[in-house]
Structures are given as structure tokens and as C-alpha cells.
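Printed here is coords_17.txt (compact mmCIF, C-alpha atoms):
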```txt
# COMPACT_ATOMS: atom_id res chain seq x y z
CA MET A 14 -27.72 2.75 14.93
CA LYS A 15 -29.19 2.09 11.50
CA LEU A 16 -31.14 -1.08 10.80
CA LEU A 17 -30.93 -2.05 7.11
CA THR A 18 -33.42 -4.50 5.67
CA PHE A 19 -35.08 -5.76 2.49
CA LEU A 20 -38.72 -6.06 1.51
CA GLY A 21 -40.36 -8.25 -1.12
CA THR A 22 -43.83 -8.66 -2.57
CA GLY A 23 -44.71 -11.95 -0.90
CA ARG A 24 -47.40 -12.57 1.68
CA TYR A 25 -45.95 -12.02 5.13
CA ASP A 26 -47.85 -13.81 7.91
CA GLU A 27 -48.00 -12.93 11.57
CA THR A 28 -45.62 -15.01 13.66
CA VAL A 29 -43.75 -14.88 16.94
CA TYR A 30 -40.08 -14.12 16.27
CA VAL A 31 -37.75 -15.60 18.88
CA LEU A 32 -34.21 -14.30 19.41
CA ASP A 33 -32.44 -16.03 22.31
CA THR A 34 -34.99 -15.65 25.12
CA ARG A 35 -36.76 -12.62 23.65
CA GLU A 36 -40.01 -12.83 21.71
CA GLN A 37 -41.92 -10.43 19.50
CA SER A 38 -45.12 -11.01 17.57
CA ALA A 39 -44.95 -9.33 14.16
CA ARG A 40 -45.98 -9.69 10.55
CA TYR A 41 -42.66 -8.31 9.30
CA ALA A 42 -39.31 -9.50 10.57
CA PRO A 43 -37.83 -5.96 10.64
CA VAL A 44 -40.54 -5.02 13.14
CA ALA A 45 -39.25 -7.72 15.49
CA SER A 46 -35.67 -6.67 14.81
CA CYS A 47 -36.55 -3.09 15.75
CA ALA A 48 -37.97 -4.36 19.02
CA PHE A 49 -34.86 -6.46 19.73
CA LEU A 50 -32.18 -3.98 18.62
CA ARG A 51 -33.87 -0.58 19.15
CA PRO A 52 -32.28 1.20 16.17
CA ASP A 53 -32.54 4.93 15.58
CA GLU A 54 -33.57 4.47 11.95
CA LEU A 55 -34.94 1.75 9.68
CA ILE A 56 -33.71 1.77 6.07
CA VAL A 57 -35.68 -0.48 3.74
CA PHE A 58 -34.39 -1.55 0.31
CA ALA A 59 -37.40 -2.38 -1.84
CA THR A 60 -38.60 -2.41 -5.42
CA LYS A 61 -41.52 -0.14 -6.28
CA ASP A 62 -43.90 -3.14 -6.26
CA ALA A 63 -42.68 -4.23 -2.83
CA GLN A 64 -43.07 -0.75 -1.37
CA ASP A 65 -46.55 -0.42 -2.89
CA ALA A 66 -47.55 -3.80 -1.40
CA HIS A 67 -46.13 -3.46 2.11
CA GLY A 68 -44.59 -0.03 2.62
CA ASP A 69 -47.45 1.63 4.48
CA SER A 70 -48.08 -1.41 6.68
CA LEU A 71 -44.42 -1.72 7.65
CA ARG A 72 -44.07 2.00 8.37
CA ALA A 73 -47.14 1.90 10.62
CA ALA A 74 -45.82 -1.09 12.58
CA VAL A 75 -42.60 0.52 13.83
CA SER A 76 -41.94 3.56 16.01
CA VAL A 77 -38.66 4.65 14.39
CA PRO A 78 -38.19 6.77 11.25
CA VAL A 79 -38.37 4.66 8.08
CA THR A 80 -36.54 5.44 4.84
CA PHE A 81 -37.37 3.49 1.69
CA VAL A 82 -34.55 3.16 -0.82
CA PRO A 83 -35.72 2.10 -4.31
CA ILE A 84 -33.75 -0.78 -5.82
CA PRO A 85 -34.00 -2.77 -9.06
CA LEU A 86 -35.34 -6.30 -9.13
CA GLY A 87 -31.89 -7.89 -9.33
CA ALA A 88 -32.65 -9.70 -12.57
CA ASN A 89 -29.04 -9.65 -13.75
CA GLU A 90 -25.51 -8.99 -12.52
CA ARG A 91 -25.62 -5.27 -13.24
CA GLU A 92 -28.78 -4.87 -11.15
CA LEU A 93 -27.24 -6.88 -8.29
CA TRP A 94 -24.31 -4.45 -8.25
CA GLU A 95 -26.79 -1.55 -8.26
CA ILE A 96 -28.41 -3.01 -5.13
CA PHE A 97 -25.00 -3.29 -3.48
CA GLU A 98 -24.30 0.35 -4.40
CA CYS A 99 -27.57 1.42 -2.81
CA ILE A 100 -26.58 -0.32 0.42
CA GLY A 101 -23.16 1.32 0.38
CA ASN A 102 -24.63 4.77 -0.21
CA ALA A 103 -26.89 4.38 2.83
CA VAL A 104 -23.95 3.94 5.21
CA GLN A 105 -21.16 6.29 6.25
CA PRO A 106 -17.70 5.28 7.51
CA ARG A 107 -17.71 4.18 11.16
CA ASP A 108 -21.51 4.02 11.32
CA GLN A 109 -23.12 1.51 13.63
CA VAL A 110 -25.47 -0.69 11.65
CA ALA A 111 -27.43 -3.90 11.82
CA PHE A 112 -29.03 -5.94 9.06
CA ASP A 113 -32.27 -7.88 8.91
CA ILE A 114 -31.99 -10.14 5.84
CA THR A 115 -35.19 -12.14 6.35
CA HIS A 116 -37.36 -10.67 3.58
CA GLY A 117 -36.80 -9.79 -0.06
CA LEU A 118 -35.71 -11.94 -2.96
CA ARG A 119 -33.70 -15.11 -2.50
CA SER A 120 -30.56 -13.17 -3.38
CA SER A 121 -31.19 -10.62 -0.62
CA PRO A 122 -29.65 -12.60 2.28
CA LEU A 123 -26.48 -13.22 0.29
CA ILE A 124 -26.20 -9.59 -0.83
CA GLY A 125 -26.89 -8.41 2.71
CA LEU A 126 -24.30 -10.68 4.29
CA LEU A 127 -21.63 -9.80 1.73
CA ALA A 128 -22.42 -6.10 2.03
CA ALA A 129 -22.10 -6.32 5.81
CA ALA A 130 -18.70 -7.97 5.46
CA PHE A 131 -17.51 -5.34 2.98
CA LEU A 132 -18.75 -2.40 5.04
CA ARG A 133 -17.06 -3.74 8.15
CA ALA A 134 -13.73 -4.30 6.40
CA GLY A 135 -13.77 -1.39 3.94
CA LEU A 136 -15.47 1.45 5.81
CA ASP A 137 -14.78 0.42 9.40
CA VAL A 138 -18.51 0.09 9.95
CA ASN A 139 -19.53 -1.50 13.25
CA VAL A 140 -21.91 -4.31 12.27
CA ARG A 141 -23.87 -4.99 15.45
CA ALA A 142 -25.98 -7.86 14.14
CA VAL A 143 -27.15 -9.65 11.00
CA LEU A 144 -30.55 -11.09 11.87
CA TYR A 145 -32.38 -13.74 9.88
CA GLY A 146 -35.82 -15.09 10.69
CA ALA A 147 -36.03 -18.77 9.70
CA PHE A 148 -39.75 -18.87 8.97
CA ASP A 149 -39.66 -22.28 7.25
CA VAL A 150 -37.78 -23.80 10.19
CA GLY A 151 -40.41 -22.45 12.54
CA LYS A 152 -43.22 -24.10 10.54
CA VAL A 153 -41.53 -27.49 11.01
CA VAL A 154 -40.20 -27.19 14.56
CA SER A 155 -42.76 -24.98 16.23
CA PRO A 156 -45.69 -23.68 14.15
CA GLY A 157 -46.48 -20.05 14.82
CA ARG A 158 -42.99 -19.36 16.19
CA THR A 159 -40.04 -18.30 14.03
CA PRO A 160 -36.47 -18.63 15.36
CA MET A 161 -34.32 -15.63 14.55
CA PHE A 162 -30.57 -16.07 14.25
CA ASP A 163 -27.77 -13.55 14.42
CA LEU A 164 -25.50 -14.46 11.52
CA SER A 165 -22.86 -11.82 12.25
CA PRO A 166 -20.42 -14.46 13.59
CA MET A 167 -20.46 -15.92 10.06
CA LEU A 168 -18.80 -12.73 8.84
CA ALA A 169 -15.67 -14.18 10.38
CA LEU A 170 -15.72 -16.78 7.61
CA LEU A 171 -15.01 -14.05 5.07
CA GLU A 172 -12.23 -12.74 7.31
CA TRP A 173 -10.71 -16.22 7.35
CA ALA A 174 -11.03 -16.30 3.56
CA ASN A 175 -9.20 -12.98 3.22
CA ALA A 176 -6.49 -14.09 5.63
CA ALA A 177 -6.10 -17.39 3.79
CA ASP A 178 -5.84 -15.60 0.44
CA ARG A 179 -3.14 -13.30 1.78
CA PHE A 180 -1.28 -16.27 3.20
CA ASN A 181 -1.46 -18.19 -0.07
CA ARG A 182 -0.21 -15.23 -2.11
CA THR A 183 2.50 -13.91 0.20
CA GLY A 184 3.16 -16.50 2.91
CA ASP A 185 2.21 -13.84 5.48
CA ALA A 186 0.33 -15.55 8.31
CA ARG A 187 -0.11 -12.50 10.53
CA TYR A 188 -3.78 -12.12 9.65
CA LEU A 189 -4.38 -15.78 10.38
CA ALA A 190 -2.51 -15.31 13.66
CA ASN A 191 -4.75 -12.35 14.58
CA LEU A 192 -7.87 -14.43 13.98
CA VAL A 193 -6.46 -17.32 16.03
CA GLU A 194 -5.67 -14.90 18.87
CA ARG A 195 -9.18 -13.47 18.67
CA GLN A 196 -10.54 -17.01 18.87
CA ARG A 197 -8.37 -17.64 21.94
CA LYS A 198 -9.88 -14.66 23.74
CA THR A 199 -13.43 -15.66 22.79
CA SER A 200 -12.88 -19.27 23.85
CA ALA A 201 -11.29 -18.20 27.15
CA LEU A 202 -14.39 -16.19 28.03
CA ALA A 203 -16.65 -19.10 27.12
CA ALA A 204 -14.59 -21.54 29.24
CA LYS A 205 -15.72 -19.77 32.44
CA GLY A 206 -12.65 -20.78 34.38
CA ASP A 207 -12.61 -24.48 33.46
CA PRO A 208 -8.92 -25.45 34.01
CA GLU A 209 -8.75 -28.14 31.33
CA GLN A 210 -10.40 -25.98 28.70
CA LEU A 211 -8.17 -23.04 29.60
CA ARG A 212 -5.10 -25.25 29.23
CA GLN A 213 -6.18 -26.30 25.75
CA ILE A 214 -7.12 -22.74 24.83
CA GLY A 215 -3.65 -21.56 25.84
CA ALA A 216 -2.28 -23.59 22.95
CA LEU A 217 -4.12 -21.25 20.57
CA GLY A 218 -2.06 -18.37 21.90
CA ASN A 219 1.16 -20.31 21.38
CA LEU A 220 0.15 -21.14 17.81
CA ALA A 221 -0.76 -17.51 17.06
CA SER A 222 2.60 -16.40 18.46
CA THR A 223 4.48 -18.92 16.30
CA LEU A 224 2.68 -17.82 13.14
CA SER A 225 3.42 -14.18 13.93
CA LYS A 226 7.10 -14.88 14.55
CA ILE A 227 7.42 -16.84 11.30
CA SER A 228 5.81 -13.98 9.39
CA GLN A 229 8.02 -11.40 11.08
CA GLY A 230 11.08 -13.46 10.24
CA VAL A 231 9.95 -13.80 6.63
CA GLN A 232 9.25 -10.08 6.21
CA LEU A 233 12.46 -8.94 7.91
CA ILE A 234 14.64 -11.60 6.25
CA ARG A 235 15.58 -13.53 9.39
CA PRO A 236 16.07 -17.03 7.96
CA ARG A 237 17.32 -18.54 11.22
CA GLN A 238 14.31 -17.29 13.14
CA VAL A 239 12.04 -18.63 10.40
CA MET A 240 13.69 -22.06 10.48
CA GLU A 241 13.54 -22.21 14.28
CA GLN A 242 9.86 -21.32 14.46
CA VAL A 243 8.83 -23.54 11.55
CA ALA A 244 10.55 -26.48 13.26
CA GLY A 245 8.07 -26.18 16.15
CA LEU A 246 4.99 -25.40 14.07
CA SER A 247 3.60 -28.93 13.63
CA GLU A 248 3.78 -29.61 17.37
CA ARG A 249 1.98 -26.37 18.22
CA VAL A 250 -0.69 -27.08 15.63
CA GLU A 251 -1.39 -30.47 17.22
CA ARG A 252 -1.60 -28.95 20.68
CA ALA A 253 -4.08 -26.35 19.43
CA ARG A 254 -6.38 -28.83 17.66
CA PRO A 255 -8.61 -29.70 20.67
CA ALA A 256 -9.46 -26.02 21.30
CA MET A 257 -10.12 -25.40 17.61
CA GLU A 258 -12.31 -28.47 17.28
CA ARG A 259 -14.36 -27.32 20.26
CA ALA A 260 -14.96 -23.82 18.80
CA ALA A 261 -17.34 -23.81 15.83
CA SER A 262 -16.06 -20.43 14.62
CA ALA A 263 -12.50 -21.81 14.39
CA GLN A 264 -13.46 -24.48 11.87
CA PRO A 265 -12.22 -22.46 8.88
CA PHE A 266 -8.72 -22.47 10.33
CA SER A 267 -8.95 -26.17 11.11
CA LEU A 268 -9.38 -26.76 7.38
CA LEU A 269 -6.30 -24.62 6.67
CA LEU A 270 -3.93 -26.21 9.19
CA GLU A 271 -2.35 -28.83 6.97
CA HIS A 272 -2.00 -26.30 4.17
CA VAL A 273 -0.19 -23.86 6.47
CA ILE A 274 2.23 -26.59 7.54
CA GLU A 275 2.78 -27.62 3.92
CA ILE A 276 3.59 -24.05 2.81
CA TYR A 277 6.15 -23.53 5.57
CA LYS A 278 7.58 -27.06 5.67
CA PRO A 279 10.38 -26.42 3.10
CA LEU A 280 11.76 -23.72 5.42
CA GLU A 281 12.25 -26.10 8.32
CA GLN A 282 15.75 -27.07 9.32
CA VAL A 283 15.80 -30.13 11.53
CA ALA A 284 18.67 -30.30 14.02
CA VAL A 285 20.54 -33.60 13.92
CA PRO A 286 22.49 -34.56 17.07
CA ASN A 287 26.28 -34.67 16.70
CA ASP A 288 26.26 -32.86 13.36
CA THR A 289 29.58 -31.25 12.53
CA VAL A 290 29.67 -27.47 12.15
CA ARG A 291 30.35 -27.92 8.45
CA THR A 292 27.28 -30.11 8.06
CA GLN A 293 25.16 -27.56 9.90
CA VAL A 294 26.39 -24.71 7.70
CA ARG A 295 25.80 -26.75 4.55
CA GLN A 296 22.24 -27.53 5.65
CA MET A 297 21.69 -23.86 6.45
CA LEU A 298 22.81 -22.91 2.95
CA PHE A 299 20.46 -25.46 1.44
CA THR A 300 17.48 -24.17 3.43
CA GLU A 301 18.32 -20.52 2.80
CA ARG A 302 18.46 -21.17 -0.94
CA THR A 303 15.04 -22.78 -0.63
CA LEU A 304 13.83 -19.63 1.13
CA ILE A 305 15.15 -17.48 -1.74
CA HIS A 306 12.97 -19.46 -4.14
CA TRP A 307 10.08 -19.25 -1.65
CA TYR A 308 10.38 -15.46 -1.73
CA ALA A 309 10.56 -15.35 -5.52
CA GLU A 310 7.49 -17.59 -5.91
CA ARG A 311 5.52 -15.04 -3.85
CA GLU A 312 7.05 -12.08 -5.69
CA LEU A 313 8.79 -10.80 -2.56
CA TRP A 314 11.62 -9.47 -4.66
CA ALA A 315 13.30 -7.22 -2.07
CA GLN A 316 13.60 -10.14 0.34
CA ALA A 317 14.70 -12.50 -2.43
CA ILE A 318 17.57 -10.34 -3.69
CA SER A 319 18.69 -9.39 -0.17
CA LEU A 320 18.96 -12.99 0.95
CA ALA A 321 20.48 -14.04 -2.39
CA ARG A 322 23.39 -11.64 -1.99
CA GLU A 323 24.02 -12.68 1.64
CA TRP A 324 23.68 -16.36 0.70
CA PHE A 325 26.34 -15.83 -1.96
CA VAL A 326 28.80 -14.50 0.63
CA SER A 327 28.01 -17.41 2.98
CA TRP A 328 28.51 -19.88 0.15
CA VAL A 329 31.98 -18.49 -0.66
CA MET A 330 32.88 -18.64 3.04
CA PHE A 331 31.74 -22.27 3.17
CA GLN A 332 33.86 -23.15 0.14
CA LEU A 333 36.90 -21.53 1.78
CA GLY A 334 36.31 -23.35 5.06
CA VAL A 335 35.30 -20.18 6.93
CA LEU A 336 32.33 -21.52 8.87
CA ASN A 337 31.49 -18.62 11.18
CA THR A 338 29.15 -17.29 8.52
CA THR A 339 27.29 -14.90 10.84
CA GLN A 340 30.43 -13.15 12.08
CA LEU A 341 30.38 -9.62 10.64
CA ASP A 342 34.14 -9.08 10.38
CA ALA A 343 34.58 -12.40 8.58
CA ARG A 344 31.78 -11.59 6.14
CA GLU A 345 33.22 -8.15 5.37
CA ARG A 346 36.67 -9.64 4.85
CA ILE A 347 35.38 -12.25 2.42
CA SER A 348 33.24 -9.68 0.62
CA HIS A 349 36.28 -7.47 0.15
CA VAL A 350 38.29 -10.39 -1.25
CA VAL A 351 35.52 -11.38 -3.68
CA GLY A 352 35.05 -7.78 -4.77
CA ALA A 353 38.77 -7.29 -5.42
CA GLU A 354 39.16 -10.49 -7.42
CA ALA A 355 35.93 -9.81 -9.33
CA SER A 356 37.38 -6.44 -10.36
CA ASP A 357 40.62 -8.08 -11.50
CA PHE A 358 38.65 -10.74 -13.37
CA ILE A 359 36.60 -8.15 -15.27
CA LYS A 360 39.71 -6.16 -16.19
CA ALA A 361 41.42 -9.30 -17.47
CA LYS A 362 38.40 -10.21 -19.59
CA GLN A 363 38.17 -6.73 -21.03
CA ALA A 364 41.88 -6.86 -21.93
CA GLU A 365 41.38 -10.38 -23.27
CA LYS A 366 44.06 -11.66 -20.92
CA PRO A 367 44.05 -14.89 -18.90
CA PHE A 368 42.99 -14.63 -15.29
CA THR A 369 44.14 -16.73 -12.36
CA PRO A 370 42.42 -16.17 -8.98
CA ILE A 371 44.64 -15.85 -5.93
CA PHE A 372 42.49 -16.10 -2.82
CA LEU A 373 39.52 -17.84 -4.46
CA ALA A 374 41.42 -20.50 -6.38
CA ALA A 375 39.75 -23.26 -4.35
CA VAL A 376 36.22 -21.99 -5.06
CA PRO A 377 34.37 -24.10 -7.64
CA GLN A 378 33.07 -22.37 -10.76
CA VAL A 379 35.17 -19.38 -9.77
CA GLU A 380 34.63 -17.45 -13.01
CA THR A 381 30.85 -17.75 -12.62
CA VAL A 382 31.24 -16.56 -9.04
CA LEU A 383 33.36 -13.55 -9.96
CA ALA A 384 31.12 -12.60 -12.90
CA LEU A 385 28.07 -12.68 -10.62
CA TRP A 386 29.40 -10.56 -7.77
CA ASN A 387 28.96 -7.04 -9.19
CA PRO A 388 25.51 -7.46 -10.86
CA LEU A 389 24.15 -9.30 -7.82
CA THR A 390 25.39 -6.64 -5.41
CA ASP A 391 24.23 -3.84 -7.71
CA ALA A 392 20.71 -5.26 -7.97
CA ARG A 393 20.55 -5.67 -4.20
CA ASN A 394 21.71 -2.08 -3.66
CA ASP A 395 19.32 -0.68 -6.25
CA VAL A 396 16.36 -2.34 -4.53
CA LEU A 397 17.27 -1.70 -0.89
CA HIS A 398 18.43 1.87 -1.50
CA ALA A 399 15.00 2.61 -2.98
CA GLY A 400 16.42 3.49 -6.39
CA MET A 401 18.23 6.54 -4.97
CA ARG A 402 20.71 6.78 -7.83
CA ASP A 403 20.98 8.63 -11.12
CA GLU A 404 19.68 5.76 -13.25
CA PRO A 405 17.68 3.36 -11.09
CA GLY A 406 16.62 0.07 -12.61
CA LYS A 407 13.08 -0.27 -13.88
CA PRO A 408 10.97 -2.69 -11.82
CA ASP A 409 10.47 -5.13 -14.72
CA ASP A 410 14.18 -5.15 -15.46
CA LEU A 411 15.09 -5.66 -11.80
CA ILE A 412 12.69 -8.58 -11.48
CA LYS A 413 14.20 -10.16 -14.59
CA GLN A 414 17.71 -9.68 -13.17
CA ILE A 415 16.72 -11.15 -9.81
CA LYS A 416 15.30 -14.24 -11.48
CA GLN A 417 18.47 -14.68 -13.51
CA HIS A 418 20.68 -14.29 -10.44
CA ILE A 419 18.66 -16.92 -8.57
CA GLU A 420 19.08 -19.31 -11.49
CA THR A 421 22.85 -18.75 -11.34
CA LEU A 422 22.92 -19.40 -7.59
CA ASP A 423 21.21 -22.73 -8.25
CA THR A 424 24.21 -23.83 -10.31
CA LEU A 425 26.63 -23.35 -7.42
CA PRO A 426 27.35 -26.71 -5.73
CA LEU A 427 27.08 -27.16 -2.00
CA GLY A 428 29.51 -30.07 -2.05
CA GLU A 429 29.86 -32.72 0.61
CA ALA A 430 29.68 -31.86 4.26
```

Would you write the structure of this file as C-alpha cells?
Amino acid sequence: MKLLTFLGTGRYDETVYVLDTREQSARYAPVASCAFLRPDELIVFATKDAQDAHGDSLRAAVSVPVTFVPIPLGANERELWEIFECIGNAVQPRDQVAFDITHGLRSSPLIGLLAAAFLRAGLDVNVRAVLYGAFDVGKVVSPGRTPMFDLSPMLALLEWANAADRFNRTGDARYLANLVERQRKTSALAAKGDPEQLRQIGALGNLASTLSKISQGVQLIRPRQVMEQVAGLSERVERARPAMERAASAQPFSLLLEHVIEIYKPLEQVAVPNDTVRTQVRQMLFTERTLIHWYAERELWAQAISLAREWFVSWVMFQLGVLNTTQLDARERISHVVGAEASDFIKAKQAEKPFTPIFLAAVPQVETVLALWNPLTDARNDVLHAGMRDEPGKPDDLIKQIKQHIETLDTLPLGEA
């Protein structure tokens, strides 16, 4: 394991570093960290002045090989990035490392913590610890003794931030769900068999499962699954609150809870007792159209156009009084009818002849419907068939078409239930 640390030019006084129940008297915090962690190598990032002032003393105080890596002062943004690059160059993918961020400039702890987070996420580096000796705290609480904290659990905060960013941009809560599930396992170990705590902790697992199922439904275009799971989300959030409030490391998610509910709330379909089948189908169409917009807002164009085309078929079925909208034979029959009349409509327009629909006469805005069928279906096929055609649409053009098709769908009335 490599221990990475910083060194400054300040006066470092002898103190007793305390980590949990372990103690080590040392002038330099990395010396104590070497005693606590027993690394194979100590890598020290230091300016020339810092190495001149303390390099020999630090090297003499430890029994492991020491490598000094020269770094700039960090006087501007460019130099801060140079320091980060030096840290990255000292580590290989899948290395086991630890950080001591006690010494150095005031920016060193921040750079060290951020570098640790990046190395763990980007290079699959195993960050064993991020130690910080709180010398000023020791002077106040217990002179001569310096508490040392392992800040590696705080790296989870950056993981929560990444998961939250992904959720905000795409609506994908799987990464949040993974972190909630990890918290469940950690909390279960800490509960040590306490039945009440374990009951509350179980709610974290249920919440993680719900978030995963919503995300799966969103990605695989399963609107009914999404609506079903979203309908139970608020209740599962409330049941999980006690366990999250008890766990300090779950606080980031506690702050996100209401936002998660707010993002998914438009996709909820509340069941009303004694609703007629027609009312249920109409409400389903309303919520599915909301989901189409939800996809488009997050630039999930494949999902948006896929659901738009299927929504269109369901809408025609609803207008014709065919309410078994999930029945495959019925959908294929209606699709065939729409396709045939759309073809006749286009031929009539090209010949500048009047057109009178036969099977779709009762459908409102029938000419808009028939004019939309071919371009909507073509855009859906172009996207889902991965452009496997002689002249596939360009991405920018397809996105423009999808937006226009969604706008047209918005003009189609749902009518009274």
C-alpha cells in the first residue's frame, strides 16, 4: 500500500496523534500514519522549500522507503491542476493507497480529498484511509494530544453528488439506489441484532428496490411498471426516514428525498375506486403522454419516440372505443387500419382529391392523425433499428422530428371519460 501525503514549510511540533484507541508520538503526522497503517511506501508531495526544511527529518523518522515528488506552490489554478497531475502520476489503476492530508498548504486537504475520490472512481483505486490530524482541535481539547480522523467515509458525499447529478439529468435513480442499499448493509452491521433498528433498516432495502424498479421501467419503457412503483414511492420514503436519520452517512440522501419524489410525481397514476375502464384508459393516456415529455426533457430520445408511437396507437383505440389497449392482436389490427387509411389519405392529397375516412371517421382531427402516422412510425423505426437503412436520419434531424411529433401529439384531445 502507498501512503500519499503533503509537506509544508511550517514548524511542526511533537504531539501524540490519536486514532481510535491507538497512539503515536511524532513530529510529523505522516510518521504517525505510517505507524497506524503500515504502508509499503511513503510518497511525499512537497515544494523545494518544504523538502529542504523537513525532508531529511521526515525520512529519518520512518522505516519505509520515502519518495519526494516536487510540486509547485499552488499559487494559481494552473499550479493546482499540476499538483493534481502529480498525485495521479504517482498511482496506478487498482493500487491500494491511503492519504495523510494533515500537512501542506491550506489547499492540500481539499486537493487530497478530491484526488482520492477521483482515483477511487476513475482508476478503481482502493482508498484505504484518508487521515487528518486535527492539531488545532487537540490544543483546545487536550493539549499535547492530536486527534486523527479518517475522512474516507466523506468520499461517499462525492458519490452521492455524482448519483444526484445523474438522477437530475436522466431521471435514473439506480446509482442512488445502490448507495441506499450500501447504507442498508452498513447500518445492519452497526445495529448488532437490535430488532427495532433492523426493522427500520429493512425499509432502506425496500426503498432501494423501488428506485431500481422505477429506473428499470423508465429505461425499458414500461410505463405501467413506472406508474405502479411511483405510486408507492412516498410511503416507502417515509418508512425509510428513521433509518436514514440515524445514519450520519445517509444525510446526503435525506436532503434529496423530496426532490426525488418531486421528479417522479408526474408519473404517478392514482387508482380511484369504481373507475370505469374508459376512465382508467383515459388516465393512462394522460400519464403516458406526461412520460413522453419527461423523456424528452431528459433527452432520452429513443424512449420518447418509442412511447410516442405506441401512445398514438392507444389513443386511436381509445377514440374508437377499443379499450383493451395492451392486447397485441387488437393493437396490430388498429395499426393496420390506420396505416391503410393513412396511405389512402396521402394518395388523395397527392392527386388533389377529397378524402373521406372509412374506419376512422369517428376519430377527431383525423387528417392530422393520418398525416402523422407514417413520419412517426418512420422516426421510431429509424431510431430503434439503429439506423440500419440506406439513408438513416442524422441525429440532429431525428431529434427535431421527435420534438415536432410530440408537439402534434399534444394537440390530440383525450375527450371525456

Just give me the gap between CA of Leu127 in chain A and CA of Thr34 in chain A in Å, one decimal is fine.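 It comes out at 27.6 Å.
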
Wanna dump the range 135-231 of chain A-range 241-244 of chain A contacts at 8 Å for me, each residue with its shortest atom pair and the distance in Å to one decimal, counting all atoms listed in the file, ordered by chain and number, as CSV?
```
residue,atom,partner,partner_atom,distance
A:Thr223,CA,A:Gln242,CA,6.2
A:Lys226,CA,A:Gln242,CA,7.0
A:Ile227,CA,A:Gln242,CA,6.0
```

Which residue gives the smallest distance to Asn387 in chain A among A:Gln213, A:Gln363, A:Thr303, A:Ser356, with only C-alpha atoms counted?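 Looking at the shortest contact to Asn387 in chain A, the residue is A:Ser356.
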
Per residue of range 104-178 of chain A within 7 Å of range 18-27 of chain A, note the shortest atom pair and the distance in Å to one decimal, counting all atoms listed in the file, and order the rows by chain and increasing residue number, as JSON lines.
```
{"residue": "A:Phe112", "atom": "CA", "partner": "A:Thr18", "partner_atom": "CA", "distance": 5.7}
{"residue": "A:Asp113", "atom": "CA", "partner": "A:Thr18", "partner_atom": "CA", "distance": 4.8}
{"residue": "A:Ile114", "atom": "CA", "partner": "A:Thr18", "partner_atom": "CA", "distance": 5.8}
{"residue": "A:His116", "atom": "CA", "partner": "A:Leu20", "partner_atom": "CA", "distance": 5.2}
{"residue": "A:Gly117", "atom": "CA", "partner": "A:Gly21", "partner_atom": "CA", "distance": 4.0}
{"residue": "A:Leu118", "atom": "CA", "partner": "A:Gly21", "partner_atom": "CA", "distance": 6.2}
{"residue": "A:Ser121", "atom": "CA", "partner": "A:Phe19", "partner_atom": "CA", "distance": 7.0}
```

What does the distance between CA of Val239 in chain A and CA of Arg212 in chain A come to in Å, to one decimal place?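 Atom-to-atom, CA of Val239 in chain A and CA of Arg212 in chain A are spaced 26.3 Å apart.
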
Nearest to Gln414 in chain A by atom-to-atom distance, counting only C-alpha atoms, from A:Cys99, A:Ile318, A:Ala111, A:Leu132: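 Smallest separation from Gln414 in chain A among the options: A:Ile318.
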
Which of A:Cys47, A:Leu280, A:Leu171, A:Ala253 sits closest to Gln238 in chain A [using only C-alpha atoms]: A:Leu280

If we count all atoms listed in the file, what is near Tyr145 in chain A at a cut-off of 8 Å, once residues fewer than 2 positions away on the same chain are taken out, given as a list in words?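 What passes the distance filter is Asp113, Ile114, Thr115, Val143, Ala147, Met161, Phe162, Asp163 and Leu164 of chain A.
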
Which residue is closest to Arg295 in chain A? Choose from A:Ile359, A:Ala142, A:Val329, A:Leu427 and count all atoms listed in the file.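 Comparing A:Ile359, A:Ala142, A:Val329, A:Leu427 against Arg295 in chain A, the winner is A:Leu427.
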
Find the axis-aligned box for range 271-274 of chain A, covering all its listed atoms and adding 8 Å on each side, and write its centre and edge lengths in Å to one decimal as lines of an AutoDock Vina configuration file.
```
center_x = -0.1
center_y = -26.3
center_z = 5.9
size_x = 20.6
size_y = 21.0
size_z = 19.4
```

Using only C-alpha atoms, which of the listed residues (A:Asn139, A:Leu86, A:Ser262, A:Arg179) sits closest to Asp62 in chain A?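 Of A:Asn139, A:Leu86, A:Ser262, A:Arg179, the one nearest Asp62 in chain A, counting only C-alpha atoms, is A:Leu86.
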
For CA of Val396 in chain A and CA of Glu281 in chain A, the interatomic separation in Å (one decimal):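 According to the coordinates, CA of Val396 in chain A and CA of Glu281 in chain A are separated by 27.3 Å.
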
Close residues, His418 in chain A itself excluded, 8 Å, only C-alpha atoms, min 4 positions apart in chain, as a CSV table (one decimal) with C-alpha atoms, in the coordinates of the input:
```csv
chain,number,residue,atom,x,y,z
A,385,LEU,CA,28.1,-12.7,-10.6
A,389,LEU,CA,24.2,-9.3,-7.8
A,414,GLN,CA,17.7,-9.7,-13.2
A,422,LEU,CA,22.9,-19.4,-7.6
```
